[in-house]
file target.csv (CSV, C-alpha atoms and all ligand atoms)
chain,number,residue,atom,x,y,z
N,243,VAL,CA,-92.7,-108.6,107.5
N,244,GLU,CA,-94.6,-105.5,108.5
N,245,LEU,CA,-98.4,-105.4,108.9
N,246,ARG,CA,-98.6,-102.9,106.1
N,247,GLU,CA,-97.0,-105.2,103.7
N,248,LEU,CA,-99.7,-107.9,104.0
N,249,PRO,CA,-102.0,-108.3,101.0
N,250,THR,CA,-105.6,-107.2,101.9
N,251,PRO,CA,-108.1,-108.2,103.0
N,252,ALA,CA,-106.0,-109.7,105.7
N,253,LEU,CA,-107.3,-111.5,108.8
N,254,VAL,CA,-105.0,-110.5,111.7
N,255,VAL,CA,-104.7,-111.9,115.2
N,256,ASP,CA,-103.2,-109.8,118.0
N,257,ALA,CA,-100.9,-112.2,119.8
N,258,ALA,CA,-101.1,-110.4,123.2
N,259,ALA,CA,-104.9,-110.1,123.1
N,260,LEU,CA,-105.2,-113.8,122.2
N,261,ASP,CA,-102.9,-114.8,125.0
N,262,ALA,CA,-104.9,-112.6,127.5
N,263,ASN,CA,-108.1,-114.4,126.5
N,264,LEU,CA,-106.6,-117.9,126.7
N,265,ALA,CA,-105.1,-117.1,130.1
N,266,LEU,CA,-108.3,-115.7,131.5
N,267,MET,CA,-110.4,-118.7,130.3
N,268,ALA,CA,-107.8,-121.2,131.5
N,269,ASN,CA,-108.0,-119.5,134.9
N,270,ARG,CA,-111.8,-119.7,135.0
N,271,LEU,CA,-112.1,-123.2,133.5
N,272,PRO,CA,-108.8,-125.0,133.9
N,273,GLY,CA,-107.8,-128.1,132.1
N,274,ALA,CA,-110.6,-130.5,131.3
N,275,ALA,CA,-113.3,-128.1,132.5
N,276,LEU,CA,-112.9,-126.5,129.1
N,277,ARG,CA,-113.3,-128.4,125.9
N,278,PRO,CA,-112.5,-125.6,123.5
N,279,HIS,CA,-114.7,-125.5,120.3
N,280,VAL,CA,-112.5,-125.3,117.3
N,281,LYS,CA,-115.2,-124.2,114.9
N,282,ALA,CA,-114.7,-120.6,116.0
N,283,HIS,CA,-111.2,-120.5,114.6
N,284,LYS,CA,-110.7,-123.6,112.4
N,285,CYS,CA,-106.9,-123.3,113.0
N,286,THR,CA,-104.7,-126.1,114.4
N,287,ALA,CA,-102.0,-123.6,115.3
N,288,LEU,CA,-104.5,-121.8,117.6
N,289,ALA,CA,-105.8,-125.1,119.0
N,290,ALA,CA,-102.1,-126.0,119.8
N,291,ARG,CA,-102.0,-122.8,121.9
N,292,GLN,CA,-105.1,-123.7,123.7
N,293,HIS,CA,-103.6,-127.2,124.3
N,294,ALA,CA,-100.5,-125.5,125.8
N,295,TYR,CA,-102.9,-123.7,128.3
N,296,GLY,CA,-103.9,-127.2,129.5
N,297,HIS,CA,-107.0,-128.0,127.6
N,298,LEU,CA,-106.4,-131.4,126.0
N,299,GLY,CA,-109.8,-132.3,124.7
N,300,PHE,CA,-111.5,-130.3,122.0
N,301,THR,CA,-115.0,-129.9,120.5
N,302,CYS,CA,-115.5,-130.0,116.7
N,303,ALA,CA,-118.5,-129.3,114.4
N,304,THR,CA,-117.5,-131.2,111.3
N,305,PRO,CA,-115.8,-134.5,110.4
N,306,ARG,CA,-113.1,-132.5,108.7
N,307,GLU,CA,-112.3,-130.5,111.9
N,308,VAL,CA,-111.9,-133.9,113.7
N,309,SER,CA,-109.6,-135.4,111.0
N,310,VAL,CA,-107.4,-132.3,110.8
N,311,MET,CA,-107.1,-132.0,114.6
N,312,ALA,CA,-106.2,-135.7,114.7
N,313,GLY,CA,-103.6,-135.2,111.9
N,314,ALA,CA,-102.1,-132.3,113.9
N,315,GLY,CA,-101.5,-134.5,116.9
N,316,LEU,CA,-104.3,-132.8,118.9
N,317,GLY,CA,-106.5,-135.8,119.0
N,318,ALA,CA,-106.3,-137.0,122.7
N,319,ASP,CA,-110.1,-136.6,123.1
N,320,LEU,CA,-112.1,-135.1,120.2
N,321,LEU,CA,-115.9,-134.6,120.5
N,322,LEU,CA,-117.8,-134.2,117.3
N,323,ALA,CA,-120.7,-132.2,118.8
N,324,ASN,CA,-122.9,-132.6,115.8
N,325,GLU,CA,-125.0,-135.2,114.0
N,326,VAL,CA,-123.7,-136.9,111.0
N,327,LEU,CA,-125.7,-139.3,108.7
N,328,ASP,CA,-123.0,-139.7,106.1
N,329,GLU,CA,-121.4,-143.1,106.9
N,330,ALA,CA,-118.6,-142.8,104.3
N,331,ARG,CA,-117.5,-139.5,105.8
N,332,LEU,CA,-117.6,-140.9,109.3
N,333,ARG,CA,-115.6,-143.9,108.2
N,334,SER,CA,-112.9,-141.7,106.6
N,335,MET,CA,-112.8,-139.5,109.7
N,336,ILE,CA,-112.4,-142.6,111.9
N,337,ASP,CA,-109.7,-144.1,109.6
N,338,THR,CA,-107.7,-140.8,109.9
N,339,ALA,CA,-108.2,-140.8,113.7
N,340,ARG,CA,-106.9,-144.4,114.0
N,341,GLN,CA,-103.8,-143.6,112.0
N,342,HIS,CA,-103.0,-140.8,114.5
N,343,ASP,CA,-104.1,-142.6,117.6
N,344,ALA,CA,-106.9,-140.1,118.2
N,345,ARG,CA,-109.9,-140.7,120.4
N,346,VAL,CA,-113.2,-139.6,118.7
N,347,THR,CA,-116.7,-139.4,120.3
N,348,VAL,CA,-119.7,-138.4,118.2
N,349,ALA,CA,-123.0,-136.9,119.1
N,350,VAL,CA,-126.1,-138.9,118.2
N,351,ASP,CA,-129.8,-137.9,118.6
N,352,SER,CA,-131.7,-140.6,116.6
N,353,PRO,CA,-131.7,-144.3,115.7
N,354,ALA,CA,-130.4,-143.2,112.2
N,355,THR,CA,-127.4,-141.3,113.6
N,356,ILE,CA,-126.6,-144.3,115.9
N,357,ALA,CA,-126.8,-146.6,112.9
N,358,ALA,CA,-124.5,-144.3,110.8
N,359,ALA,CA,-122.0,-144.1,113.7
N,360,ALA,CA,-122.0,-147.9,114.2
N,361,SER,CA,-121.5,-148.7,110.5
N,362,GLY,CA,-119.0,-145.8,110.1
N,363,GLY,CA,-116.7,-147.4,112.6
N,364,VAL,CA,-117.4,-144.9,115.5
N,365,ARG,CA,-116.8,-146.5,118.9
N,366,GLU,CA,-117.9,-143.9,121.4
N,367,VAL,CA,-120.9,-141.5,121.4
N,368,VAL,CA,-122.7,-139.0,123.6
N,369,ILE,CA,-126.4,-138.5,123.5
N,370,ASP,CA,-127.2,-135.0,122.3
N,371,ILE,CA,-130.1,-133.4,124.4
N,372,ASP,CA,-132.4,-130.6,123.3
N,373,VAL,CA,-132.1,-128.2,126.2
N,374,GLY,CA,-134.3,-125.5,124.6
N,375,LEU,CA,-132.5,-124.5,121.4
N,376,PRO,CA,-134.6,-125.9,118.5
N,377,ARG,CA,-131.6,-127.4,116.7
N,378,CYS,CA,-130.1,-130.9,117.3
N,379,GLY,CA,-130.8,-133.1,120.3
N,380,VAL,CA,-133.6,-135.4,121.7
N,381,VAL,CA,-136.0,-134.4,124.4
N,382,PRO,CA,-134.6,-135.4,127.8
N,383,ASP,CA,-137.2,-138.1,128.3
N,384,ALA,CA,-136.1,-140.0,125.2
N,385,ALA,CA,-132.4,-140.0,126.1
N,386,GLY,CA,-132.4,-143.2,128.1
N,387,ASP,CA,-134.0,-145.3,125.3
N,388,LEU,CA,-131.6,-143.8,122.8
N,389,ALA,CA,-128.6,-144.7,125.0
N,390,THR,CA,-129.9,-148.3,125.3
N,391,ARG,CA,-130.2,-148.5,121.5
N,392,ALA,CA,-126.6,-147.1,121.1
N,393,ALA,CA,-125.3,-149.8,123.5
N,394,GLU,CA,-127.2,-152.5,121.5
N,395,ALA,CA,-125.5,-151.2,118.4
N,396,GLY,CA,-122.1,-151.9,120.1
N,397,LEU,CA,-121.3,-148.2,120.9
N,398,VAL,CA,-119.9,-147.0,124.2
N,399,VAL,CA,-122.1,-144.1,125.6
N,400,ARG,CA,-119.8,-141.6,127.3
N,401,GLY,CA,-122.6,-139.3,128.6
N,402,VAL,CA,-124.6,-136.4,127.3
N,403,MET,CA,-124.2,-133.0,125.7
N,404,GLY,CA,-126.7,-130.2,125.4
N,405,TYR,CA,-126.0,-126.8,123.8
N,406,GLU,CA,-128.0,-123.9,125.2
N,407,GLY,CA,-127.3,-121.7,122.2
N,408,HIS,CA,-130.5,-119.7,122.6
N,409,LEU,CA,-129.2,-118.3,125.9
N,410,GLN,CA,-125.7,-117.2,124.7
N,411,MET,CA,-126.8,-113.6,123.9
N,412,ASP,CA,-129.1,-113.0,126.9
N,413,LEU,CA,-127.2,-110.0,128.3
N,414,ASP,CA,-129.1,-109.8,131.6
N,415,PRO,CA,-126.8,-111.7,133.9
N,416,SER,CA,-129.3,-112.9,136.5
N,417,ARG,CA,-132.0,-113.9,134.0
N,418,ARG,CA,-129.4,-115.7,131.9
N,419,ALA,CA,-128.0,-117.6,134.9
N,420,GLU,CA,-131.5,-118.7,135.9
N,421,ARG,CA,-132.3,-119.8,132.4
N,422,VAL,CA,-129.0,-121.7,132.0
N,423,ARG,CA,-129.6,-123.4,135.3
N,424,GLU,CA,-133.0,-124.6,134.1
N,425,ALA,CA,-131.5,-125.9,130.9
N,426,MET,CA,-128.8,-127.7,132.8
N,427,ILE,CA,-131.2,-129.3,135.2
N,428,ALA,CA,-133.0,-130.8,132.1
N,429,LEU,CA,-129.6,-132.0,130.8
N,430,ARG,CA,-128.9,-133.6,134.1
N,431,ALA,CA,-132.3,-135.4,134.1
N,432,ALA,CA,-131.2,-136.9,130.8
N,433,HIS,CA,-127.8,-137.8,132.2
N,434,ARG,CA,-129.4,-139.7,135.0
N,435,ASP,CA,-131.0,-142.0,132.4
N,436,VAL,CA,-128.0,-142.2,130.2
N,437,GLY,CA,-125.0,-142.4,132.6
N,438,GLY,CA,-121.4,-141.9,131.7
N,439,ASP,CA,-118.7,-139.4,132.7
N,440,ILE,CA,-119.4,-136.6,130.3
N,441,VAL,CA,-122.0,-133.7,130.7
N,442,SER,CA,-120.9,-131.2,128.1
N,443,ALA,CA,-122.6,-127.8,127.5
N,444,GLY,CA,-122.1,-124.1,127.2
N,445,GLY,CA,-120.4,-121.4,125.2
N,446,THR,CA,-118.7,-118.1,125.5
N,447,GLY,CA,-121.9,-116.3,126.5
N,448,THR,CA,-122.9,-118.7,129.3
N,449,HIS,CA,-119.5,-120.1,130.5
N,450,ARG,CA,-119.7,-118.0,133.8
N,451,ASP,CA,-123.2,-119.4,134.5
N,452,LEU,CA,-122.2,-123.0,134.4
N,453,VAL,CA,-121.1,-124.9,137.5
N,454,ILE,CA,-118.4,-127.5,137.1
N,455,GLY,CA,-119.0,-130.7,139.0
N,456,LEU,CA,-121.9,-133.2,139.3
N,457,ASP,CA,-122.5,-132.5,143.0
N,458,ASP,CA,-124.5,-129.5,142.0
N,459,PRO,CA,-127.9,-130.6,140.5
N,460,ALA,CA,-127.3,-128.3,137.5
N,461,GLY,CA,-123.5,-129.0,137.3
N,462,VAL,CA,-121.7,-130.1,134.2
N,463,THR,CA,-118.3,-131.7,133.6
N,464,GLU,CA,-117.1,-129.4,130.8
N,465,VAL,CA,-117.8,-126.3,128.8
N,466,GLN,CA,-117.6,-126.1,125.0
N,467,ALA,CA,-116.7,-122.3,124.5
N,468,GLY,CA,-114.9,-121.3,121.3
N,469,SER,CA,-115.3,-117.6,120.5
N,470,TYR,CA,-113.7,-116.5,123.7
N,471,ALA,CA,-110.2,-116.9,122.1
N,472,LEU,CA,-110.7,-114.3,119.3
N,473,MET,CA,-114.0,-112.6,120.2
N,474,ASP,CA,-116.2,-110.5,117.9
N,475,THR,CA,-118.2,-107.3,118.4
N,476,ASP,CA,-121.4,-109.3,119.2
N,477,TYR,CA,-119.8,-111.2,122.0
N,478,MET,CA,-117.9,-108.1,123.2
N,479,ARG,CA,-121.4,-106.8,124.4
N,480,HIS,CA,-121.1,-109.3,127.2
N,481,ASP,CA,-118.4,-107.5,129.1
N,482,ALA,CA,-116.9,-110.8,130.2
N,483,GLY,CA,-113.3,-109.6,130.5
N,484,PHE,CA,-112.2,-110.9,127.0
N,485,VAL,CA,-110.6,-108.5,124.5
N,486,PRO,CA,-111.0,-108.3,120.7
N,487,ALA,CA,-108.1,-110.3,119.3
N,488,ILE,CA,-109.1,-110.5,115.6
N,489,ASN,CA,-109.4,-107.8,112.9
N,490,LEU,CA,-109.6,-107.6,109.2
N,491,ILE,CA,-107.3,-105.1,107.6
N,492,GLY,CA,-108.4,-103.4,104.4
N,493,THR,CA,-106.7,-100.9,102.1
N,494,VAL,CA,-108.5,-97.6,101.1
N,495,ILE,CA,-108.8,-98.1,97.3
N,496,SER,CA,-111.1,-95.1,96.5
N,497,VAL,CA,-112.0,-91.8,98.2
N,498,GLY,CA,-115.2,-89.9,97.5
N,499,ALA,CA,-116.4,-86.4,98.5
N,500,ARG,CA,-117.4,-87.6,102.0
N,501,HIS,CA,-116.4,-91.3,102.2
N,502,GLY,CA,-113.7,-93.8,101.7
N,503,VAL,CA,-113.9,-97.3,100.3
N,504,ILE,CA,-111.8,-100.3,101.4
N,505,ASP,CA,-111.2,-103.7,99.8
N,506,VAL,CA,-113.0,-105.7,102.5
N,507,GLY,CA,-116.5,-106.7,101.7
N,508,LEU,CA,-119.3,-109.3,102.3
N,509,LYS,CA,-117.1,-112.1,100.8
N,510,ALA,CA,-114.5,-111.6,103.5
N,511,LEU,CA,-117.0,-111.1,106.4
N,512,GLY,CA,-119.7,-113.0,108.2
N,513,MET,CA,-122.6,-110.5,108.4
N,514,ASP,CA,-125.4,-112.6,110.0
N,515,HIS,CA,-124.8,-110.8,113.4
N,516,GLY,CA,-124.8,-107.3,111.8
N,517,PRO,CA,-122.4,-105.0,110.0
N,518,PRO,CA,-118.7,-104.7,111.0
N,519,THR,CA,-117.3,-101.8,113.0
N,520,ILE,CA,-114.5,-99.4,112.2
N,521,ASP,CA,-113.3,-97.4,115.2
N,522,GLY,CA,-113.8,-93.7,114.8
N,523,ALA,CA,-115.9,-94.1,111.6
N,524,ALA,CA,-119.4,-94.8,110.5
N,525,VAL,CA,-119.8,-97.9,108.2
N,526,TRP,CA,-122.3,-96.8,105.6
N,527,PHE,CA,-122.7,-100.2,103.9
N,528,CYS,CA,-121.0,-103.3,102.7
N,529,SER,CA,-121.0,-104.8,99.2
N,530,ASP,CA,-119.4,-107.8,97.7
N,531,GLU,CA,-115.8,-106.5,97.8
N,532,HIS,CA,-116.2,-103.1,99.5
N,533,ILE,CA,-117.0,-101.3,102.7
N,534,THR,CA,-118.0,-97.7,102.3
N,535,PHE,CA,-117.3,-95.7,105.4
N,536,ALA,CA,-116.9,-92.1,106.7
N,537,PRO,CA,-114.6,-90.9,109.5
N,538,ASP,CA,-116.6,-89.4,112.4
N,539,ASP,CA,-114.5,-86.3,112.5
N,540,GLY,CA,-115.3,-85.4,108.9
N,541,SER,CA,-111.8,-86.0,107.6
N,542,LEU,CA,-111.2,-88.1,104.5
N,543,PRO,CA,-108.9,-91.2,104.4
N,544,ARG,CA,-106.1,-91.2,101.9
N,545,LEU,CA,-105.6,-93.7,99.2
N,546,GLY,CA,-103.5,-96.6,100.5
N,547,ASP,CA,-104.5,-96.1,104.1
N,548,ARG,CA,-104.9,-99.3,106.1
N,549,ILE,CA,-108.2,-99.6,108.0
N,550,ARG,CA,-109.0,-102.0,110.8
N,551,VAL,CA,-112.4,-103.7,110.6
N,552,ARG,CA,-114.0,-105.5,113.5
N,553,PRO,CA,-116.3,-108.4,112.5
N,554,ALA,CA,-119.6,-108.9,114.3
N,555,HIS,CA,-119.5,-112.7,113.9
N,556,LEU,CA,-116.2,-114.5,114.2
N,557,ASP,CA,-116.9,-118.0,113.0
N,558,PRO,CA,-118.3,-117.3,109.5
N,559,THR,CA,-115.7,-114.6,109.0
N,560,VAL,CA,-112.8,-116.9,109.7
N,561,ALA,CA,-114.2,-119.6,107.5
N,562,ARG,CA,-114.0,-117.3,104.5
N,563,HIS,CA,-110.2,-117.0,104.8
N,564,GLN,CA,-107.2,-119.3,104.2
N,565,VAL,CA,-104.9,-117.8,106.7
N,566,MET,CA,-104.8,-115.6,109.8
N,567,TRP,CA,-101.7,-113.6,110.5
N,568,LEU,CA,-100.4,-113.6,114.0
N,569,VAL,CA,-99.1,-110.1,114.8
N,570,ASP,CA,-97.3,-108.2,117.6
N,571,GLY,CA,-98.2,-104.5,117.0
N,572,ASP,CA,-97.0,-103.7,113.5
N,573,ALA,CA,-94.8,-106.8,113.2
N,574,VAL,CA,-96.1,-110.0,111.6
N,575,ILE,CA,-95.0,-113.0,113.6
N,576,GLU,CA,-96.2,-115.8,111.4
N,577,PRO,CA,-99.1,-117.0,109.2
N,578,TRP,CA,-101.5,-119.5,110.7
N,579,PRO,CA,-103.3,-121.6,108.1
N,580,ILE,CA,-107.0,-121.9,108.7
N,581,ASP,CA,-106.6,-125.6,108.0
N,582,MET,CA,-109.9,-126.9,109.3
N,583,ARG,CA,-112.1,-125.1,106.7
N,584,HIS,CA,-114.8,-127.0,104.8
N,585,TRP,CA,-116.6,-130.1,105.8
N,601,LIG,C1,-122.4,-127.4,120.0
N,601,LIG,C2,-121.9,-126.1,120.3
N,601,LIG,N1,-121.2,-125.9,121.5
N,601,LIG,C3,-120.7,-124.8,121.9
N,601,LIG,C4,-120.8,-123.6,121.1
N,601,LIG,C5,-120.2,-122.4,121.7
N,601,LIG,O1,-119.4,-121.7,120.9
N,601,LIG,P1,-119.1,-120.1,121.3
N,601,LIG,O2,-118.3,-120.1,122.5
N,601,LIG,O3,-118.3,-119.7,120.1
N,601,LIG,O4,-120.4,-119.5,121.4
N,601,LIG,C6,-121.5,-123.7,119.9
N,601,LIG,C7,-121.6,-122.5,119.0
N,601,LIG,O5,-122.4,-122.4,118.2
N,601,LIG,C8,-122.0,-125.0,119.5
N,601,LIG,O6,-122.7,-125.1,118.3

call {"tool": "encode", "arguments": {"input": "target.csv", "output": "structure tokens"}}
result
Amino acid sequence: VELRELPTPALVVDAAALDANLALMANRLPGAALRPHVKAHKCTALAARQHAYGHLGFTCATPREVSVMAGAGLGADLLLANEVLDEARLRSMIDTARQHDARVTVAVDSPATIAAAASGGVREVVIDIDVGLPRCGVVPDAAGDLATRAAEAGLVVRGVMGYEGHLQMDLDPSRRAERVREAMIALRAAHRDVGGDIVSAGGTGTHRDLVIGLDDPAGVTEVQAGSYALMDTDYMRHDAGFVPAINLIGTVISVGARHGVIDVGLKALGMDHGPPTIDGAAVWFCSDEHITFAPDDGSLPRLGDRIRVRPAHLDPTVARHQVMWLVDGDAVIEPWPIDMRHW
């Protein structure tokens, strides 16, 4: 099949660019130093490729991501890096994991999430620490008590995690490195009270600022980056050596006096990090099912032209699609189901 035969909007992954990103990251953070976050792509075929690069443990954001990874035989060490209060959902995730011999560890940050984990059949947890992002996690001072409670509830505490999401988009390298170091020192303070082998943190924006190894006072044991594999225009501002590997292909369905219109709109795109980009053209605006754009050179597109759109935010873009097509130039290699969608 050729690229131009795909029905649009089509989410397309460039195989060579993906491999370049996976190889670069595996070189920087080999093996267990990277616990790739699957929420960025929600695709077990892509996770299998990360596994082939030597990363055997994965980070997940939802019970469904954990269950589907387990079912795909990628469950050697799955970390659900998110709080879940829904006992029934935890139980069904753990049942699936058991059927597939998967190992599952769940983040907790309160007595209630500990209770839900214990009654949902979870055996292993990490204490989630607030390292400055006002999202999930306990303050470092409270981590020791929470770990004691988890142990009393019969859970094995494997360590700590702390996501410094507020620092991912700090584009000043020395300031970012300093702020990440401070955040990781707070995480390590919590780890001293909690114990365990895992100190998990980081993302695509901060992965070069993290030190692997607990000898360093700000060191961690693993990084949870996910976007690095496919990249988006927001993360491309980092100049970290990764290349854009994902695009949306649209078809020109209407042409005006000075503009063209393609069949890719808000419903095919995550827009929370800004509008998408079309190389060599200005994006005027996006509506439900359309992008209105004008080529920079004043030319007009033709009806039926295929236009490449670069998303600003990968994760919510991918989650709107059922399949990504792996391509090599104009040749379609295979469809990759986005099989970890939903919750
Ligand atoms: C818990 C957690 N870890 C790590 C990440 C990093 O992912 P990325 O590399 O896509 O920024 C995220 C992203 O939101 C996250 O929520």

call {"tool": "residues_around", "arguments": {"input": "target.csv", "residues": "N:Arg552", "least_positions_apart": "2", "cutoff": "12 Å", "atoms": "all atoms listed in the file", "output": "number ranges by chain"}}
result
N: 252-255, 472-478, 485-492, 506, 510-513, 516-523, 525, 533, 549-550, 554-556, 559

call {"tool": "residues_near_ligand", "arguments": {"input": "target.csv", "ligand": "ligand LIG 601 (chain N)", "cutoff": "6 Å", "atoms": "all atoms listed in the file", "output": "list in words"}}
result
Ala282, Ala323, Tyr405, Gly444, Gly445, Thr446, Gln466, Ala467, Gly468, Ser469 and Tyr470 of chain N

call {"tool": "atom_distance", "arguments": {"input": "target.csv", "atom1": "atom CA of N:Asp481", "atom2": "atom CA of N:Ala561"}}
result
25.1 Å

call {"tool": "closest_residue", "arguments": {"input": "target.csv", "among": "N:Asp412, N:Glu329, N:Asp547, N:Glu244", "to": "N:Val497", "atoms": "all atoms listed in the file"}}
result
N:Asp547

call {"tool": "residues_around", "arguments": {"input": "target.csv", "residues": "N:Gly374", "least_positions_apart": "5", "cutoff": "12 Å", "atoms": "only C-alpha atoms", "output": "list in words"}}
result
Gly379, Val380, Val381, Pro382, Gly404, Tyr405, Glu406, Gly407, His408, Leu409, Gln410, Arg421, Val422, Arg423, Glu424, Ala425, Met426, Ile427, Ala428 and Leu429 of chain N

call {"tool": "residues_near_point", "arguments": {"input": "target.csv", "point": "(-123.6, -144.3, 110.5)", "cutoff": "12 Å", "atoms": "only C-alpha atoms", "output": "mmCIF file with C-alpha atoms, in the frame of the given file"}}
result
data_model
loop_
_atom_site.group_PDB
_atom_site.id
_atom_site.type_symbol
_atom_site.label_atom_id
_atom_site.label_comp_id
_atom_site.auth_asym_id
_atom_site.auth_seq_id
_atom_site.Cartn_x
_atom_site.Cartn_y
_atom_site.Cartn_z
ATOM 1 C CA GLU N 325 -125.000 -135.200 114.000
ATOM 2 C CA VAL N 326 -123.700 -136.900 111.000
ATOM 3 C CA LEU N 327 -125.700 -139.300 108.700
ATOM 4 C CA ASP N 328 -123.000 -139.700 106.100
ATOM 5 C CA GLU N 329 -121.400 -143.100 106.900
ATOM 6 C CA ALA N 330 -118.600 -142.800 104.300
ATOM 7 C CA ARG N 331 -117.500 -139.500 105.800
ATOM 8 C CA LEU N 332 -117.600 -140.900 109.300
ATOM 9 C CA ARG N 333 -115.600 -143.900 108.200
ATOM 10 C CA SER N 334 -112.900 -141.700 106.600
ATOM 11 C CA MET N 335 -112.800 -139.500 109.700
ATOM 12 C CA ILE N 336 -112.400 -142.600 111.900
ATOM 13 C CA VAL N 348 -119.700 -138.400 118.200
ATOM 14 C CA ALA N 349 -123.000 -136.900 119.100
ATOM 15 C CA VAL N 350 -126.100 -138.900 118.200
ATOM 16 C CA SER N 352 -131.700 -140.600 116.600
ATOM 17 C CA PRO N 353 -131.700 -144.300 115.700
ATOM 18 C CA ALA N 354 -130.400 -143.200 112.200
ATOM 19 C CA THR N 355 -127.400 -141.300 113.600
ATOM 20 C CA ILE N 356 -126.600 -144.300 115.900
ATOM 21 C CA ALA N 357 -126.800 -146.600 112.900
ATOM 22 C CA ALA N 358 -124.500 -144.300 110.800
ATOM 23 C CA ALA N 359 -122.000 -144.100 113.700
ATOM 24 C CA ALA N 360 -122.000 -147.900 114.200
ATOM 25 C CA SER N 361 -121.500 -148.700 110.500
ATOM 26 C CA GLY N 362 -119.000 -145.800 110.100
ATOM 27 C CA GLY N 363 -116.700 -147.400 112.600
ATOM 28 C CA VAL N 364 -117.400 -144.900 115.500
ATOM 29 C CA ARG N 365 -116.800 -146.500 118.900
ATOM 30 C CA VAL N 367 -120.900 -141.500 121.400
ATOM 31 C CA ALA N 392 -126.600 -147.100 121.100
ATOM 32 C CA ALA N 395 -125.500 -151.200 118.400
ATOM 33 C CA LEU N 397 -121.300 -148.200 120.900
#

call {"tool": "build_atoms", "arguments": {"input": "target.csv", "residues": "stretch 503-520 of chain N", "atoms": "N, CA and C atoms", "output": "tab-separated table (two decimals), in the frame of the given file"}}
result
chain	number	residue	atom	x	y	z
N	503	VAL	N	-113.48	-95.96	100.62
N	503	VAL	CA	-113.90	-97.30	100.30
N	503	VAL	C	-112.70	-98.24	100.48
N	504	ILE	N	-112.92	-99.35	101.23
N	504	ILE	CA	-111.80	-100.30	101.40
N	504	ILE	C	-112.15	-101.64	100.74
N	505	ASP	N	-111.11	-102.44	100.55
N	505	ASP	CA	-111.20	-103.70	99.80
N	505	ASP	C	-111.57	-104.88	100.71
N	506	VAL	N	-112.48	-104.65	101.66
N	506	VAL	CA	-113.00	-105.70	102.50
N	506	VAL	C	-114.51	-105.68	102.32
N	507	GLY	N	-115.10	-106.77	101.87
N	507	GLY	CA	-116.50	-106.70	101.70
N	507	GLY	C	-117.22	-107.98	102.21
N	508	LEU	N	-118.45	-108.19	101.77
N	508	LEU	CA	-119.30	-109.30	102.30
N	508	LEU	C	-118.55	-110.66	102.09
N	509	LYS	N	-117.72	-110.76	101.05
N	509	LYS	CA	-117.10	-112.10	100.80
N	509	LYS	C	-115.92	-112.34	101.70
N	510	ALA	N	-115.57	-111.35	102.53
N	510	ALA	CA	-114.50	-111.60	103.50
N	510	ALA	C	-115.05	-111.50	104.94
N	511	LEU	N	-116.39	-111.44	105.08
N	511	LEU	CA	-117.00	-111.10	106.40
N	511	LEU	C	-118.27	-111.95	106.62
N	512	GLY	N	-118.45	-112.45	107.83
N	512	GLY	CA	-119.70	-113.00	108.20
N	512	GLY	C	-120.62	-111.87	108.70
N	513	MET	N	-121.78	-111.70	108.08
N	513	MET	CA	-122.60	-110.50	108.40
N	513	MET	C	-123.92	-110.89	109.10
N	514	ASP	N	-124.08	-112.17	109.47
N	514	ASP	CA	-125.40	-112.60	110.00
N	514	ASP	C	-125.62	-111.98	111.43
N	515	HIS	N	-124.60	-111.47	112.09
N	515	HIS	CA	-124.80	-110.80	113.40
N	515	HIS	C	-124.71	-109.27	113.22
N	516	GLY	N	-124.86	-108.79	112.00
N	516	GLY	CA	-124.80	-107.30	111.80
N	516	GLY	C	-123.58	-106.89	111.08
N	517	PRO	N	-123.54	-105.58	110.75
N	517	PRO	CA	-122.40	-105.00	110.00
N	517	PRO	C	-121.15	-104.97	110.87
N	518	PRO	N	-119.98	-104.89	110.22
N	518	PRO	CA	-118.70	-104.70	111.00
N	518	PRO	C	-118.58	-103.33	111.50
N	519	THR	N	-117.57	-103.14	112.33
N	519	THR	CA	-117.30	-101.80	113.00
N	519	THR	C	-115.95	-101.34	112.56
N	520	ILE	N	-115.85	-100.02	112.34
N	520	ILE	CA	-114.50	-99.40	112.20
N	520	ILE	C	-114.44	-98.31	113.24
